[in-house]
>>> print(open('final.txt').read())   # compact mmCIF, C-alpha atoms
# COMPACT_ATOMS: atom_id res chain seq x y z
CA MET A 1 5.13 -11.46 2.43
CA ALA A 2 7.79 -9.33 4.07
CA ASP A 3 8.93 -6.33 2.00
CA ASN A 4 10.43 -2.86 2.37
CA LYS A 5 7.11 -1.72 3.80
CA THR A 6 7.25 -4.31 6.59
CA ILE A 7 10.63 -3.12 7.80
CA ARG A 8 9.66 0.52 7.34
CA LEU A 9 6.57 0.11 9.52
CA GLY A 10 8.63 -1.91 12.01
CA LEU A 11 11.07 1.00 12.25
CA VAL A 12 8.28 3.57 12.68
CA ASP A 13 6.70 1.47 15.47
CA ALA A 14 10.05 1.09 17.23
CA ILE A 15 10.77 4.83 16.93
CA ASN A 16 7.35 5.77 18.32
CA GLN A 17 7.70 3.38 21.25
CA MET A 18 11.24 4.55 22.05
CA MET A 19 10.03 8.17 21.99
CA ARG A 20 7.27 7.30 24.47
CA LEU A 21 9.89 5.70 26.68
CA SER A 22 12.12 8.79 26.40
CA ASP A 23 9.15 10.94 27.43
CA VAL A 24 8.56 9.04 30.70
CA CYS A 25 12.20 8.21 31.50
CA ASP A 26 13.40 10.17 34.54
CA ASP A 27 17.10 9.33 34.34
CA PRO A 28 18.84 12.02 32.21
CA ASP A 29 21.65 9.68 31.09
CA HIS A 30 19.23 6.96 30.07
CA LYS A 31 17.02 9.51 28.35
CA PHE A 32 20.03 10.79 26.40
CA GLU A 33 20.96 7.23 25.37
CA ILE A 34 17.40 6.47 24.27
CA ASN A 35 17.39 9.62 22.14
CA LEU A 36 20.66 8.58 20.49
CA LYS A 37 19.05 5.26 19.57
CA VAL A 38 16.00 7.07 18.18
CA ARG A 39 18.36 9.14 16.03
CA ALA A 40 20.06 6.00 14.70
CA LEU A 41 16.70 4.36 13.94
CA PHE A 42 15.59 7.47 12.05
CA LYS A 43 18.79 7.48 9.97
CA ILE A 44 18.07 3.89 8.97
CA LEU A 45 14.43 4.73 8.17
CA ASP A 46 15.61 7.52 5.83
CA ARG A 47 17.84 5.03 4.06
CA VAL A 48 15.26 2.22 3.88
CA ILE A 49 12.83 4.55 2.10
CA VAL A 50 15.25 5.11 -0.78
CA THR A 51 16.61 1.57 -0.94
CA THR A 52 15.27 -1.69 -2.29
CA LEU A 53 16.17 -4.39 0.23
CA GLN A 54 16.67 -8.06 -0.53
CA THR A 55 13.70 -9.40 1.38
CA THR A 56 14.59 -13.06 0.81
CA ASP A 57 17.83 -12.57 2.74
CA ALA A 58 18.00 -14.38 6.12
CA ASP A 59 19.35 -11.13 7.61
CA PHE A 60 16.09 -9.44 6.65
CA GLU A 61 14.08 -11.80 8.84
CA GLN A 62 16.56 -11.36 11.70
CA ALA A 63 16.28 -7.57 11.44
CA LEU A 64 12.47 -7.74 11.50
CA LEU A 65 12.50 -9.97 14.59
CA ALA A 66 14.98 -7.68 16.36
CA LEU A 67 12.82 -4.63 15.60
CA ASP A 68 9.71 -6.35 16.90
CA ALA A 69 11.54 -7.42 20.06
CA LEU A 70 12.73 -3.82 20.58
CA THR A 71 9.21 -2.39 20.24
CA GLN A 72 7.83 -4.88 22.77
CA GLN A 73 10.71 -4.29 25.17
CA ALA A 74 10.34 -0.49 24.93
CA ASN A 75 6.62 -0.86 25.56
CA SER A 76 7.24 -2.89 28.70
CA ALA A 77 9.95 -0.47 29.87
CA THR A 78 7.51 2.45 29.56
CA ALA A 79 5.46 0.77 32.31
CA SER A 80 8.47 -0.44 34.30
CA LEU A 81 11.46 1.92 34.12
CA THR A 82 13.83 -0.65 35.63
CA MET A 83 13.88 -2.23 32.18
CA VAL A 84 15.31 0.86 30.45
CA ALA A 85 18.96 -0.26 30.42
CA GLU A 86 17.97 -3.59 28.90
CA THR A 87 15.91 -1.76 26.26
CA ILE A 88 18.90 0.36 25.27
CA THR A 89 20.93 -2.83 24.75
CA LYS A 90 18.11 -4.32 22.67
CA ALA A 91 17.98 -1.15 20.57
CA ALA A 92 21.71 -1.44 19.86
CA ASP A 93 21.16 -5.05 18.76
CA ALA A 94 18.27 -4.13 16.43
CA ILE A 95 20.19 -1.17 14.95
CA GLY A 96 23.20 -3.40 14.26
CA LYS A 97 21.07 -5.96 12.47
CA ILE A 98 19.26 -3.45 10.23
CA GLU A 99 22.44 -1.53 9.53
CA LYS A 100 23.98 -4.78 8.29
CA LEU A 101 20.99 -5.22 6.01
CA VAL A 102 21.07 -1.69 4.63
CA ALA A 103 24.87 -1.52 4.37
CA GLY A 104 24.76 -4.51 2.00
CA VAL A 105 22.83 -2.46 -0.52
CA VAL A 106 25.36 -0.18 -2.14
CA GLY A 107 24.21 2.41 -4.64
CA ILE A 108 20.89 0.78 -5.43
CA LEU A 109 18.30 3.47 -5.20
CA ALA A 110 15.53 1.95 -7.17
CA ILE A 111 12.40 3.54 -5.80
CA MET B 1 4.92 47.95 -51.05
CA ILE B 2 1.41 46.65 -51.60
CA ARG B 3 2.87 43.16 -52.18
CA PHE B 4 4.77 43.43 -48.91
CA TRP B 5 1.61 44.26 -46.94
CA LEU B 6 -0.30 41.48 -48.67
CA CYS B 7 2.42 39.00 -47.70
CA MET B 8 2.36 40.30 -44.11
CA ALA B 9 -1.43 39.95 -43.97
CA ALA B 10 -1.25 36.37 -45.27
CA THR B 11 1.44 35.48 -42.75
CA MET B 12 -0.52 37.00 -39.88
CA LEU B 13 -3.61 35.10 -41.00
CA MET B 14 -1.70 31.81 -40.97
CA LEU B 15 -0.15 32.57 -37.59
CA GLY B 16 -3.56 33.46 -36.24
CA CYS B 17 -4.91 30.06 -37.25
CA THR B 18 -2.21 28.24 -35.30
CA SER B 19 -3.68 29.23 -31.97
CA VAL B 20 -6.64 26.82 -32.17
CA PRO B 21 -4.86 23.54 -31.41
CA SER B 22 -2.04 25.30 -29.57
CA ASN B 23 -4.25 26.60 -26.78
CA GLN B 24 -5.63 23.28 -25.63
CA ILE B 25 -2.57 21.10 -26.24
CA GLY B 26 -0.37 23.84 -24.81
CA ALA B 27 -2.58 24.00 -21.71
CA PHE B 28 -2.35 20.22 -21.36
CA SER B 29 1.46 20.40 -21.58
CA GLN B 30 1.73 23.22 -19.04
CA SER B 31 -0.53 21.46 -16.54
CA SER B 32 1.30 18.16 -17.01
CA LEU B 33 4.61 19.90 -16.44
CA ALA B 34 3.32 21.51 -13.23
CA ILE B 35 2.14 18.13 -11.92
CA SER B 36 5.43 16.53 -12.81
CA GLU B 37 7.16 19.25 -10.76
CA GLN B 38 4.86 18.39 -7.84
CA VAL B 39 6.18 14.83 -7.86
CA ASP B 40 9.69 16.26 -7.46
CA ALA B 41 8.45 18.48 -4.65
CA VAL B 42 7.45 15.39 -2.66
CA PHE B 43 11.08 14.22 -2.64
CA ASP B 44 12.30 17.69 -1.74
CA GLU B 45 9.89 17.67 1.19
CA PHE B 46 11.25 14.28 2.29
CA ASN B 47 14.73 15.85 2.47
CA ASN B 48 13.48 19.02 4.18
CA ALA B 49 11.49 17.11 6.82
CA SER B 50 14.48 14.90 7.57
CA LEU B 51 16.84 17.88 7.92
CA GLU B 52 14.36 19.69 10.18
CA ARG B 53 14.13 16.58 12.35
CA GLN B 54 17.93 16.31 12.62
CA PHE B 55 18.29 19.99 13.60
CA THR B 56 15.56 19.59 16.22
CA ASP B 57 17.13 16.39 17.54
CA VAL B 58 20.53 18.02 18.13
CA ALA B 59 19.01 21.19 19.59
CA ALA B 60 16.67 19.22 21.90
CA ASN B 61 19.24 16.76 23.24
CA TYR B 62 22.41 18.80 23.66
CA LYS B 63 21.25 21.06 26.45
CA GLY B 64 21.87 21.36 30.19
CA ASP B 65 24.51 18.85 31.32
CA PHE B 66 24.80 17.51 27.77
CA ALA B 67 25.44 20.89 26.10
CA GLU B 68 29.22 20.37 26.28
CA ARG B 69 28.95 17.34 24.04
CA PHE B 70 27.72 19.52 21.19
CA ASN B 71 30.52 19.76 18.63
CA GLN B 72 31.38 20.14 14.97
CA GLN B 73 31.33 16.36 14.44
CA LEU B 74 27.64 16.33 15.30
CA LEU B 75 26.93 18.98 12.69
CA ALA B 76 28.92 17.02 10.11
CA GLN B 77 26.61 14.04 10.66
CA ILE B 78 23.55 16.04 9.65
CA ASN B 79 22.68 15.47 6.01
CA ALA B 80 19.79 15.23 3.57
CA PRO B 81 18.87 11.57 2.95
CA ILE B 82 18.81 12.08 -0.83
CA SER B 83 21.72 14.10 -2.22
CA ASP B 84 21.35 15.79 -5.62
CA GLU B 85 23.53 13.08 -7.15
CA GLN B 86 21.44 10.28 -5.60
CA LYS B 87 18.25 12.04 -6.65
CA ARG B 88 19.39 11.97 -10.26
CA GLN B 89 19.85 8.20 -9.94
CA LEU B 90 16.39 7.52 -8.55
CA ALA B 91 14.36 5.67 -11.13
CA ILE B 92 11.16 7.50 -10.24
CA TYR B 93 12.94 10.84 -10.53
CA ARG B 94 14.26 9.90 -13.96
CA ALA B 95 10.88 8.63 -15.14
CA ASN B 96 9.31 11.84 -13.94
CA GLN B 97 12.02 13.84 -15.73
CA SER B 98 11.14 12.02 -18.97
CA LEU B 99 7.50 12.94 -18.48
CA SER B 100 8.31 16.60 -17.87
CA GLN B 101 10.66 16.69 -20.89
CA TYR B 102 7.83 15.29 -23.01
CA ALA B 103 5.41 17.92 -21.65
CA THR B 104 7.94 20.71 -22.29
CA ALA B 105 8.63 19.57 -25.86
CA LEU B 106 4.91 19.18 -26.53
CA SER B 107 4.35 22.70 -25.25
CA GLU B 108 7.10 24.02 -27.55
CA LEU B 109 5.56 22.24 -30.52
CA SER B 110 2.09 23.57 -29.77
CA ASN B 111 3.51 27.11 -29.49
CA ALA B 112 5.78 26.86 -32.55
CA ALA B 113 4.93 29.62 -35.03
CA VAL B 114 7.31 28.91 -37.86
CA SER B 115 8.18 25.77 -39.78
CA GLN B 116 11.74 25.50 -38.38
CA ASP B 117 10.43 25.66 -34.78
CA ILE B 118 7.99 22.84 -35.57
CA ASP B 119 10.84 20.71 -36.92
CA ALA B 120 13.02 21.45 -33.88
CA ALA B 121 10.22 20.69 -31.41
CA SER B 122 9.31 17.48 -33.25
CA ILE B 123 12.92 16.28 -33.09
CA LYS B 124 13.02 17.14 -29.39
CA LEU B 125 9.84 15.14 -28.81
CA TYR B 126 11.26 12.22 -30.71
CA GLY B 127 14.29 12.46 -28.39
CA THR B 128 12.06 12.12 -25.33
CA PHE B 129 10.92 8.73 -26.67
CA THR B 130 14.52 7.51 -26.47
CA SER B 131 14.63 8.84 -22.91
CA PHE B 132 11.40 6.93 -22.11
CA ASN B 133 13.04 3.73 -23.30
CA THR B 134 16.12 4.23 -21.11
CA GLN B 135 14.10 5.02 -17.98
CA TYR B 136 11.67 2.18 -18.61
CA GLN B 137 14.56 -0.29 -18.86
CA LEU B 138 16.02 1.08 -15.63
CA LEU B 139 12.70 0.81 -13.79
CA ASN B 140 12.10 -2.74 -14.93
CA GLY B 141 15.68 -3.90 -14.62
CA ASN B 142 15.60 -5.56 -18.05
CA ASP B 143 16.08 -4.77 -21.72
CA LYS B 144 12.37 -4.36 -22.50
CA THR B 145 11.63 -1.00 -24.13
CA LEU B 146 8.51 1.08 -24.57
CA PHE B 147 9.22 1.96 -28.21
CA ASP B 148 10.73 -0.71 -30.44
CA ASN B 149 13.06 0.24 -33.28
CA GLU B 150 10.35 -0.29 -35.87
CA SER B 151 7.85 2.06 -34.23
CA MET B 152 10.62 4.65 -33.63
CA ALA B 153 11.46 4.51 -37.36
CA THR B 154 7.77 4.85 -38.27
CA ILE B 155 7.37 7.94 -36.09
CA GLN B 156 10.55 9.48 -37.47
CA ALA B 157 9.45 8.79 -41.04
CA ALA B 158 6.02 10.29 -40.36
CA ILE B 159 7.55 13.45 -38.90
CA SER B 160 10.02 13.78 -41.80
CA ALA B 161 7.22 13.33 -44.30
CA ILE B 162 5.34 16.30 -42.89
CA GLY B 163 7.71 18.49 -44.89
CA ASN B 164 6.84 22.05 -45.72
CA GLU B 165 3.09 22.15 -45.49
CA ILE B 166 1.17 25.19 -44.33
CA ILE B 167 2.22 25.82 -40.72
CA GLU B 168 -1.11 25.00 -39.11
CA GLN B 169 -1.51 21.77 -41.05
CA LYS B 170 2.09 20.79 -40.38
CA LYS B 171 1.74 21.40 -36.67
CA ARG B 172 -1.49 19.44 -36.47
CA ARG B 173 0.02 16.47 -38.24
CA ALA B 174 3.14 16.55 -36.03
CA LEU B 175 1.03 16.75 -32.85
CA LYS B 176 -1.26 13.97 -34.00
CA THR B 177 1.62 11.65 -34.98
CA ILE B 178 3.54 12.16 -31.75
CA ILE B 179 0.68 12.15 -29.25
CA MET B 180 -0.90 9.03 -30.78
CA ALA B 181 2.45 7.22 -30.91
CA ALA B 182 3.25 8.13 -27.30
CA SER B 183 -0.18 7.34 -25.91
CA ALA B 184 0.29 3.75 -24.66
CA ASN B 185 3.75 4.52 -23.40
CA ILE B 186 2.78 7.64 -21.47
CA ASP B 187 0.23 5.35 -19.86
CA ASN B 188 2.98 2.87 -18.88
CA ILE B 189 5.42 5.44 -17.54
CA CYS B 190 2.62 7.09 -15.50
CA ASP B 191 1.71 3.67 -14.07
CA VAL B 192 5.29 3.18 -12.94
CA ILE B 193 5.45 6.62 -11.28
CA ILE B 194 2.12 5.99 -9.52
CA GLU B 195 3.25 2.55 -8.34
CA GLN B 196 6.54 3.90 -7.00
CA LEU B 197 4.92 6.89 -5.28
CA ALA B 198 2.38 4.61 -3.63
CA HIS B 199 4.88 2.08 -2.32
CA ALA B 200 8.17 3.86 -1.66
CA GLY B 201 6.98 5.05 1.75
CA VAL B 202 8.10 8.66 1.28
CA ALA B 203 4.93 9.84 3.05
CA ASP B 204 5.70 7.59 6.03
CA GLY B 205 9.20 9.06 6.18
CA ILE B 206 7.96 12.66 6.04
CA ALA B 207 5.24 11.94 8.63
CA ALA B 208 7.69 10.29 11.05
CA SER B 209 10.08 13.25 10.84
CA ARG B 210 7.30 15.81 11.24
CA LYS B 211 5.87 13.94 14.22
CA TYR B 212 9.27 13.94 15.91
CA VAL B 213 9.66 17.71 15.44
CA LEU B 214 6.13 18.36 16.70
CA LEU B 215 6.57 16.22 19.84
CA LYS B 216 9.87 17.92 20.70
CA GLN B 217 8.30 21.35 20.27
CA ILE B 218 5.33 20.36 22.44
CA GLU B 219 7.83 19.21 25.08
CA GLU B 220 9.52 22.61 24.92
CA TYR B 221 6.17 24.41 25.12
CA ARG B 222 5.30 22.49 28.30
CA LEU B 223 8.58 23.56 29.90
CA LEU B 224 8.10 27.22 28.96
CA SER B 225 4.45 27.28 30.08
CA LYS B 226 5.33 25.74 33.45
CA LYS B 227 7.48 28.77 34.27
CA GLY B 228 4.35 30.91 34.39
CA SER B 229 6.20 34.03 33.27
CA SER B 230 5.08 33.83 29.66
CA LYS B 231 2.23 36.00 28.46
CA LEU B 232 -1.10 34.56 27.27
CA LYS B 233 -0.69 36.30 23.90
CA ALA B 234 2.70 34.70 23.32
CA ARG B 235 1.44 31.27 24.39
CA THR B 236 -1.58 31.58 22.07
CA LYS B 237 0.74 32.45 19.19
CA GLU B 238 2.86 29.41 19.99
CA VAL B 239 -0.18 27.11 20.25
CA LYS B 240 -1.32 28.36 16.83
CA ARG B 241 2.11 27.56 15.39
CA LEU B 242 2.04 24.06 16.93
CA TRP B 243 -1.47 23.55 15.54
CA GLN B 244 -0.16 24.40 12.07
CA LEU B 245 2.57 21.80 12.50
CA GLN B 246 -0.12 19.31 13.54
CA GLN B 247 -2.11 20.17 10.38
CA ALA B 248 0.97 19.63 8.24
CA LEU B 249 1.48 16.24 9.89
CA VAL B 250 -2.14 15.22 9.22
CA ASN B 251 -1.82 16.37 5.60
CA THR B 252 1.40 14.49 4.91
CA HIS B 253 -0.19 11.51 3.17
CA LEU B 254 -2.45 13.89 1.24
CA LEU B 255 0.67 15.40 -0.32
CA VAL B 256 1.51 12.06 -1.91
CA THR B 257 -2.13 11.20 -2.68
CA VAL B 258 -2.61 14.46 -4.60
CA SER B 259 0.58 13.80 -6.56
CA ILE B 260 -0.65 10.32 -7.46
CA ASP B 261 -4.03 11.77 -8.50
CA GLY B 262 -2.18 14.34 -10.63
CA VAL B 263 -0.22 11.70 -12.52
CA LYS B 264 -3.46 9.72 -13.01
CA GLU B 265 -5.04 12.84 -14.53
CA ILE B 266 -2.09 13.26 -16.93
CA GLN B 267 -2.67 9.66 -17.98
CA SER B 268 -6.37 10.21 -18.47
CA ALA B 269 -6.02 13.59 -20.24
CA HIS B 270 -3.38 12.21 -22.60
CA LYS B 271 -5.75 9.37 -23.54
CA VAL B 272 -8.51 11.90 -24.26
CA LEU B 273 -6.11 13.93 -26.42
CA ALA B 274 -4.98 10.87 -28.39
CA THR B 275 -8.57 9.72 -28.95
CA GLU B 276 -9.67 13.16 -30.17
CA LEU B 277 -6.61 13.67 -32.38
CA ALA B 278 -7.18 10.25 -33.98
CA GLN B 279 -10.44 11.77 -35.27
CA ASP B 280 -8.66 14.99 -36.28
CA ILE B 281 -10.35 16.91 -33.47
CA TYR B 282 -7.86 19.42 -32.06
CA ALA B 283 -10.12 21.35 -29.71
CA SER B 284 -13.18 19.94 -27.98
CA VAL B 285 -15.25 19.92 -24.79
CA ALA B 286 -13.68 16.56 -23.85
CA ILE B 287 -10.16 18.04 -24.09
CA SER B 288 -11.25 21.16 -22.17
CA ASN B 289 -12.71 19.02 -19.39
CA ALA B 290 -9.59 16.87 -19.15
CA ILE B 291 -7.39 19.97 -18.94
CA GLY B 292 -9.77 21.51 -16.41
CA ARG B 293 -9.31 18.48 -14.15
CA LEU B 294 -5.53 18.73 -14.52
CA GLN B 295 -5.56 22.41 -13.62
CA GLN B 296 -7.87 21.76 -10.68
CA ILE B 297 -5.58 19.13 -9.20
CA ASN B 298 -2.64 21.42 -9.73
CA LYS B 299 -4.41 24.19 -7.81
CA HIS B 300 -5.20 21.74 -5.01
CA PHE B 301 -1.55 20.76 -4.71
CA LYS B 302 -0.36 24.37 -4.77
CA ALA B 303 -2.78 25.24 -1.95
CA LEU B 304 -1.56 22.27 0.06
CA GLU B 305 2.07 23.13 -0.59
CA THR B 306 1.52 26.74 0.47
CA SER B 307 -0.08 25.70 3.75
CA LEU B 308 2.77 23.28 4.43
CA LEU B 309 5.41 25.91 3.76
CA GLU B 310 3.67 28.44 5.98
CA SER B 311 3.48 26.01 8.89
CA SER B 312 7.11 24.95 8.74
CA SER B 313 8.71 28.34 8.06
CA GLU B 314 8.90 29.59 11.66
>>> encode(input="final.txt", output="structure tokens")
Amino acid sequence: MADNKTIRLGLVDAINQMMRLSDVCDDPDHKFEINLKVRALFKILDRVIVTTLQTTDADFEQALLALDALTQQANSATASLTMVAETITKAADAIGKIEKLVAGVVGILAI
Amino acid sequence: MIRFWLCMAATMLMLGCTSVPSNQIGAFSQSSLAISEQVDAVFDEFNNASLERQFTDVAANYKGDFAERFNQQLLAQINAPISDEQKRQLAIYRANQSLSQYATALSELSNAAVSQDIDAASIKLYGTFTSFNTQYQLLNGNDKTLFDNESMATIQAAISAIGNEIIEQKKRRALKTIIMAASANIDNICDVIIEQLAHAGVADGIAASRKYVLLKQIEEYRLLSKKGSSKLKARTKEVKRLWQLQQALVNTHLLVTVSIDGVKEIQSAHKVLATELAQDIYASVAISNAIGRLQQINKHFKALETSLLESSSE
């Protein structure tokens, strides 16, 4: 069953893969953009750790799928750098979906 | 004058007797308090690791052509994930606070030398039971309590009935009443802290932040080493520092594991204490062993904490 841990591990995987991509990316602007996305993913990770998410929410499933898609895309882009721009767009999509999920939880810090 | 010295001698004799139960129960309380502080330290480390990551992120990315984008707004975005106010609202933090308040009050009771101090410490301990109830309700999200009104009244009545007995006897009875009454509930509150520590993912958060910092510093080391102008001695020093960061990263989950083990030992030692006190045994090999294990785990954590601080201080 999906829970906070699932999304937490999804975030960690996505962050690690995006950092690998940043490491091999040779375009400074793209590299900078990737690093901004890594920062945003980390901010969400910090928040997920101290928040209890509603895992039955449909948005939760969407966020998980978006994270998984991002990790796979970043993995492919590491081998083929022409896919970097597309990966950055996918990262923005995943970040938006998880932010929506986390933003819905106001003041509940129940760990 | 002779009467005065006789009274003094009698008082000193009675005070001297108090140290038998005080030593072991006091040691239990002190060790429990130290472990409870370790649990807090895990959350502090979560904040510190996150802040370190954010500083490194800004410093690593706003350089060269991007240096001009560095501004005050960026600095304003840097913050600790758990503010002091939020920390006070965390259920695990509050449960842990209850546990440390209990340990502190127990320590005060075991060290109390006069009747009034025993009364004050007993009342304080009774107050921690109310705190347990509040935190337990918060953790479970319902109205269920650890101590029902009837058992609270029984404990209060038992403490009141202790009255003005000889200090040592009074202290023993107060300790026995409170520790036995709290036993099952200390067990429950420890279970909740263990469960939350194991599943909140704080260790994952700390590890992810530490890994980020380490990778960025390795990146920087590669750049500096490529220049060829750096001295071997300086590079060796830097490699040693990076190795320490690597060690801290590897030990991250250990930090949480040791804290969980510590809370488990409080649970176990408190059970031993309650069992022994039920038989009116206030000092025994079983209690010594339980306290020894608590102190050992506390030492382990302190050593771990020291090595972590050393590696992240430069």
>>> interface_residues(input="final.txt", of="chain A", to="chain B", cutoff="10 Å", atoms="only C-alpha atoms", output="MDAnalysis selection string")
chainID A and resid 4:5 8:9 11:13 15:16 19 23 28:29 31:33 35:36 38:39 42:52 107:111
>>> write_last_selection(input="final.txt", atoms="C-alpha atoms", output="PDB file, in the frame of the given file")
ATOM      1  CA  ASN A   4      10.430  -2.860   2.370  1.00  0.00           C
ATOM      2  CA  LYS A   5       7.110  -1.720   3.800  1.00  0.00           C
ATOM      3  CA  ARG A   8       9.660   0.520   7.340  1.00  0.00           C
ATOM      4  CA  LEU A   9       6.570   0.110   9.520  1.00  0.00           C
ATOM      5  CA  LEU A  11      11.070   1.000  12.250  1.00  0.00           C
ATOM      6  CA  VAL A  12       8.280   3.570  12.680  1.00  0.00           C
ATOM      7  CA  ASP A  13       6.700   1.470  15.470  1.00  0.00           C
ATOM      8  CA  ILE A  15      10.770   4.830  16.930  1.00  0.00           C
ATOM      9  CA  ASN A  16       7.350   5.770  18.320  1.00  0.00           C
ATOM     10  CA  MET A  19      10.030   8.170  21.990  1.00  0.00           C
ATOM     11  CA  ASP A  23       9.150  10.940  27.430  1.00  0.00           C
ATOM     12  CA  PRO A  28      18.840  12.020  32.210  1.00  0.00           C
ATOM     13  CA  ASP A  29      21.650   9.680  31.090  1.00  0.00           C
ATOM     14  CA  LYS A  31      17.020   9.510  28.350  1.00  0.00           C
ATOM     15  CA  PHE A  32      20.030  10.790  26.400  1.00  0.00           C
ATOM     16  CA  GLU A  33      20.960   7.230  25.370  1.00  0.00           C
ATOM     17  CA  ASN A  35      17.390   9.620  22.140  1.00  0.00           C
ATOM     18  CA  LEU A  36      20.660   8.580  20.490  1.00  0.00           C
ATOM     19  CA  VAL A  38      16.000   7.070  18.180  1.00  0.00           C
ATOM     20  CA  ARG A  39      18.360   9.140  16.030  1.00  0.00           C
ATOM     21  CA  PHE A  42      15.590   7.470  12.050  1.00  0.00           C
ATOM     22  CA  LYS A  43      18.790   7.480   9.970  1.00  0.00           C
ATOM     23  CA  ILE A  44      18.070   3.890   8.970  1.00  0.00           C
ATOM     24  CA  LEU A  45      14.430   4.730   8.170  1.00  0.00           C
ATOM     25  CA  ASP A  46      15.610   7.520   5.830  1.00  0.00           C
ATOM     26  CA  ARG A  47      17.840   5.030   4.060  1.00  0.00           C
ATOM     27  CA  VAL A  48      15.260   2.220   3.880  1.00  0.00           C
ATOM     28  CA  ILE A  49      12.830   4.550   2.100  1.00  0.00           C
ATOM     29  CA  VAL A  50      15.250   5.110  -0.780  1.00  0.00           C
ATOM     30  CA  THR A  51      16.610   1.570  -0.940  1.00  0.00           C
ATOM     31  CA  THR A  52      15.270  -1.690  -2.290  1.00  0.00           C
ATOM     32  CA  GLY A 107      24.210   2.410  -4.640  1.00  0.00           C
ATOM     33  CA  ILE A 108      20.890   0.780  -5.430  1.00  0.00           C
ATOM     34  CA  LEU A 109      18.300   3.470  -5.200  1.00  0.00           C
ATOM     35  CA  ALA A 110      15.530   1.950  -7.170  1.00  0.00           C
ATOM     36  CA  ILE A 111      12.400   3.540  -5.800  1.00  0.00           C
TER      37      ILE A 111
END
>>> atom_distance(input="final.txt", atom1="CA of Ile260 (chain B)", atom2="CA of Gln296 (chain B)")
13.9 Å
>>> closest_residue(input="final.txt", among="A:Ala14, A:Ile7, A:Cys25, A:Ala85", to="Gln72 (chain A)", atoms="all atoms listed in the file")
A:Ala14
>>> residues_around(input="final.txt", residues="region 172-174 of chain B", least_positions_apart="3", cutoff="7 Å", atoms="all atoms listed in the file", output="PyMOL selection string")
chain B and resi 122+159+168-169+177-178
>>> atom_distance(input="final.txt", atom1="CA of Leu64 (chain A)", atom2="CA of Gly10 (chain A)")
7.0 Å
>>> atom_distance(input="final.txt", atom1="CA of Lys264 (chain B)", atom2="CA of Asp191 (chain B)")
8.0 Å
>>> axis_aligned_box(input="final.txt", around="region 96-109 of chain B", padding_each_side="6 Å", output="AutoDock Vina command-line options")
--center_x 8.2 --center_y 17.9 --center_z -22.2 --size_x 19.7 --size_y 24.2 --size_z 28.6
>>> residues_around(input="final.txt", residues="Thr82 (chain A)", least_positions_apart="4", cutoff="12 Å", atoms="all atoms listed in the file", output="list in words")
Leu21, Cys25, Asp26, Asp27, His30, Gln73, Ala74, Ser76, Ala77, Thr78, Glu86, Thr87 and Ile88 of chain A
>>> residues_around(input="final.txt", residues="Arg222 (chain B)", least_positions_apart="4", cutoff="12 Å", atoms="only C-alpha atoms", output="PyMOL selection string")
chain B and resi 215-218+226-228+230+235+238-239+242
>>> residues_near_point(input="final.txt", point="(18.3, -4.8, 13.8)", cutoff="12 Å", atoms="only C-alpha atoms", output="PyMOL selection string")
chain A and resi 7+10-11+14+37+40-41+44-45+59-71+89-103
